[in-house]
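Colleague: Quick one: the structure is below, and I'll ask about it shortly.
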Amino acid sequence: MVARLIVNKETGELLFDTSKICYGLVKSGSMSEIETWPRKYLRSAQLDPNNGANWIDSNRFGDTMFGFTISNAISPIVFIVGKGCLNGTSRSGNNMTFMYAGGDVSTRFYCFDLMADNIPGRPYLKTWNEDRQITFNSLQPPLNIVNAVQAPDPPAGNDQYGRKLLTYDGGRIERIRYQTASQDAQMHCVVDVGLDAGVEYAVFLPFSRSAALWNTQTISGSMLSLCTVSEGAYGRVGGISFMFANSGGSPVSYPAMNASVPASFTAIPTDRLPVALVIKTAGLPFPYN
């Protein structure tokens, strides 16, 4: 039988247990532009929207995906500082790329994965479980969750059209217009949750939701548009924030209906709310690879 080592803080809080596989930092840095996903439009209002052949790419710039790539990933999780909603991942050989909408190059990431025995250096403490899987490697910065925060419910009540004016109670609308006239603007609904003042946090959202956005301000002109938004969460100094932002490659339609200004939302799932996992960035190397 392999010996088991359990380490606790003076407060009694568990620091690590060698029978459990710990997560360690594998990469940190600032996000970069990965690719652009154009939004989709019906060729004609009379066509069947359920037929994919009836949709075409926008002639506008679309939504830029920001992200990063890691190699030899096993089961990675990503904590971010600054805006971003995970829109997908892709694999090519041993490389895995994470793509976020609603962010920019100032968004920072801290990617953790199961600890590995592939980091040079001494001295070190390494432990393995009975299956000879490495469970702890002191050469790798460990993951330490300091908080878990549940997303707020939408506000009570609807507008005159039966829609929510916000996705979160206490939230706000932020319209993000990019510098190029050919690039689609984004509409964000954001809510802030305060934690310790002066402390910078990073956030991982284990699961996210989508919703429908009705607005007249993310497309040129004043015509009402309907598109999809996806959820994210991010850290900042003094707390964390939840957000919904335009999904990359979202279908866009123009229903002959009225809209609230600046935005309204429908189809927001509320049967379960995501819980953001929170870490502190102090002491974590940046950039790191």
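Residues in the structure tokens are named by chain (A, B, ... in the order shown) and by number from 1 within that chain; ligands are numbered from 1 in the order shown.
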Going by DSSP on the backbone, which bits of segment 137-219 of chain A are strand (DSSP E or B)? Write them as JSON, numbers by chain, please.

Modeller: {"A": [137, 142, 147, 148, 149, 150, 164, 172, 173, 174, 175, 176, 186, 187, 188, 189, 190, 191, 192, 193, 194, 200, 201, 202, 203, 204, 210, 211, 212, 213, 214, 215]}

Colleague: For the residues in the current selection, export N, CA and C atoms as a CSV table (one decimal), in the first residue's frame.

Modeller:
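Result went into part.csv, see below:
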chain,number,residue,atom,x,y,z
A,137,ASN,N,3.0,17.5,-7.2
A,137,ASN,CA,4.4,17.8,-7.6
A,137,ASN,C,4.7,19.3,-7.2
A,142,PRO,N,0.1,24.8,-7.4
A,142,PRO,CA,-1.1,24.1,-7.2
A,142,PRO,C,-2.3,25.0,-7.3
A,147,ASN,N,-13.1,30.4,-3.1
A,147,ASN,CA,-14.5,30.8,-3.0
A,147,ASN,C,-15.3,30.2,-4.1
A,148,ALA,N,-16.6,30.1,-3.9
A,148,ALA,CA,-17.6,29.6,-4.9
A,148,ALA,C,-18.8,30.5,-4.8
A,149,VAL,N,-19.1,31.2,-6.0
A,149,VAL,CA,-20.2,32.2,-6.0
A,149,VAL,C,-21.2,31.8,-7.0
A,150,GLN,N,-22.5,31.8,-6.6
A,150,GLN,CA,-23.6,31.5,-7.5
A,150,GLN,C,-24.0,32.7,-8.3
A,164,LYS,N,-37.3,40.2,-20.0
A,164,LYS,CA,-36.4,40.7,-19.0
A,164,LYS,C,-35.5,41.8,-19.5
A,172,ARG,N,-26.2,45.4,-15.3
A,172,ARG,CA,-26.2,46.6,-16.1
A,172,ARG,C,-25.9,46.2,-17.6
A,173,ILE,N,-26.3,47.0,-18.5
A,173,ILE,CA,-26.0,46.8,-19.9
A,173,ILE,C,-24.8,47.6,-20.4
A,174,GLU,N,-23.9,46.9,-21.1
A,174,GLU,CA,-22.7,47.6,-21.7
A,174,GLU,C,-22.7,47.3,-23.2
A,175,ARG,N,-22.7,48.4,-24.0
A,175,ARG,CA,-22.6,48.2,-25.4
A,175,ARG,C,-21.2,48.4,-25.8
A,176,ILE,N,-20.6,47.4,-26.5
A,176,ILE,CA,-19.2,47.4,-26.9
A,176,ILE,C,-19.1,47.6,-28.4
A,186,GLN,N,-21.0,44.5,-29.8
A,186,GLN,CA,-21.5,43.5,-28.8
A,186,GLN,C,-22.3,44.2,-27.7
A,187,MET,N,-23.3,43.4,-27.2
A,187,MET,CA,-24.1,43.9,-26.1
A,187,MET,C,-23.9,43.0,-24.9
A,188,HIS,N,-23.4,43.5,-23.8
A,188,HIS,CA,-23.1,42.7,-22.7
A,188,HIS,C,-24.0,43.1,-21.5
A,189,CYS,N,-24.5,42.0,-20.8
A,189,CYS,CA,-25.2,42.3,-19.5
A,189,CYS,C,-24.3,41.7,-18.4
A,190,VAL,N,-23.9,42.6,-17.5
A,190,VAL,CA,-22.8,42.3,-16.5
A,190,VAL,C,-23.4,42.6,-15.1
A,191,VAL,N,-23.0,41.7,-14.2
A,191,VAL,CA,-23.3,42.0,-12.8
A,191,VAL,C,-22.0,41.8,-12.0
A,192,ASP,N,-21.7,42.7,-11.0
A,192,ASP,CA,-20.5,42.6,-10.2
A,192,ASP,C,-20.8,42.0,-8.8
A,193,VAL,N,-19.9,41.1,-8.3
A,193,VAL,CA,-20.1,40.6,-7.0
A,193,VAL,C,-18.8,40.9,-6.2
A,194,GLY,N,-18.9,41.7,-5.2
A,194,GLY,CA,-17.8,42.2,-4.4
A,194,GLY,C,-17.2,41.1,-3.5
A,200,GLU,N,-6.9,40.6,-6.3
A,200,GLU,CA,-7.3,40.3,-7.7
A,200,GLU,C,-7.7,38.8,-7.7
A,201,TYR,N,-8.8,38.5,-8.4
A,201,TYR,CA,-9.3,37.2,-8.5
A,201,TYR,C,-9.4,36.7,-9.9
A,202,ALA,N,-9.4,35.4,-10.1
A,202,ALA,CA,-9.6,34.8,-11.4
A,202,ALA,C,-10.7,33.8,-11.3
A,203,VAL,N,-11.5,33.5,-12.3
A,203,VAL,CA,-12.7,32.7,-12.2
A,203,VAL,C,-12.8,31.6,-13.3
A,204,PHE,N,-13.3,30.5,-12.8
A,204,PHE,CA,-13.7,29.4,-13.8
A,204,PHE,C,-15.2,29.1,-13.6
A,210,SER,N,-27.2,29.9,-22.2
A,210,SER,CA,-27.4,30.8,-23.3
A,210,SER,C,-28.8,31.4,-23.2
A,211,ALA,N,-29.0,32.5,-23.9
A,211,ALA,CA,-30.3,33.2,-23.8
A,211,ALA,C,-30.5,34.0,-25.1
A,212,ALA,N,-31.7,34.5,-25.3
A,212,ALA,CA,-32.0,35.3,-26.5
A,212,ALA,C,-31.9,36.8,-26.2
A,213,LEU,N,-31.2,37.5,-27.1
A,213,LEU,CA,-31.1,39.0,-26.9
A,213,LEU,C,-31.9,39.7,-28.0
A,214,TRP,N,-32.8,40.6,-27.5
A,214,TRP,CA,-33.6,41.5,-28.4
A,214,TRP,C,-33.0,42.9,-28.3
A,215,ASN,N,-32.6,43.5,-29.4
A,215,ASN,CA,-32.1,44.9,-29.2
A,215,ASN,C,-32.0,45.6,-30.6

Colleague: Mind checking which residues fall within 12 Å of Ser264 of chain A, counting only C-alpha atoms, ignoring those fewer than 3 positions away in the same chain, and posting them as a ChimeraX atom specification?

Modeller: /A:154-155,158-168,172-173,187-189,211-217,224-229,244,258-261,267-268

Colleague: With distances taken over only C-alpha atoms, which of A:Val81, A:Ala185, A:Leu25, A:Val146 is nearest to Phe242 of chain A?

Modeller: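 So, comparing all the options, the nearest one is A:Val81.
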
Colleague: Using only C-alpha atoms, pick whichever of A:Gln140, A:Ser44, A:Thr69, A:Ser230 has the shortest atom-to-atom distance to Pro285 of chain A.

Modeller: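 Result for the nearest residue to Pro285 of chain A: A:Gln140.
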
Colleague: Do you have the atom CA of Leu273 of chain A-atom CA of Ser208 of chain A distance handy?

Modeller: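 Separation between atom CA of Leu273 of chain A and atom CA of Ser208 of chain A: 8.4 Å.
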
Colleague: Just give me the gap between atom CA of Pro38 of chain A and atom CA of Asn87 of chain A in Å, one decimal is fine.

Modeller: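 For atom CA of Pro38 of chain A relative to atom CA of Asn87 of chain A, the distance reads 13.4 Å.
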
Colleague: Taking into account only C-alpha atoms, which residue in the set A:Thr127, A:Asn8, A:Ser138, A:Ser106 is nearest to Glu33 of chain A?

Modeller: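 Ranking A:Thr127, A:Asn8, A:Ser138, A:Ser106 by distance to Glu33 of chain A, first place goes to A:Ser106.
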
Colleague: What is the distance, in Å and to one decimal place, between atom CA of Lys40 of chain A and atom CA of Gly103 of chain A?

Modeller: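 These two atoms are separated by 20.5 Å.
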
Colleague: In terms of the shortest atom-to-atom distance over only C-alpha atoms, which of A:Thr97, A:Leu139, A:Leu86, A:Arg236 is closest to Arg209 of chain A?

Modeller: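 Distance minimum relative to Arg209 of chain A lands on A:Leu86.
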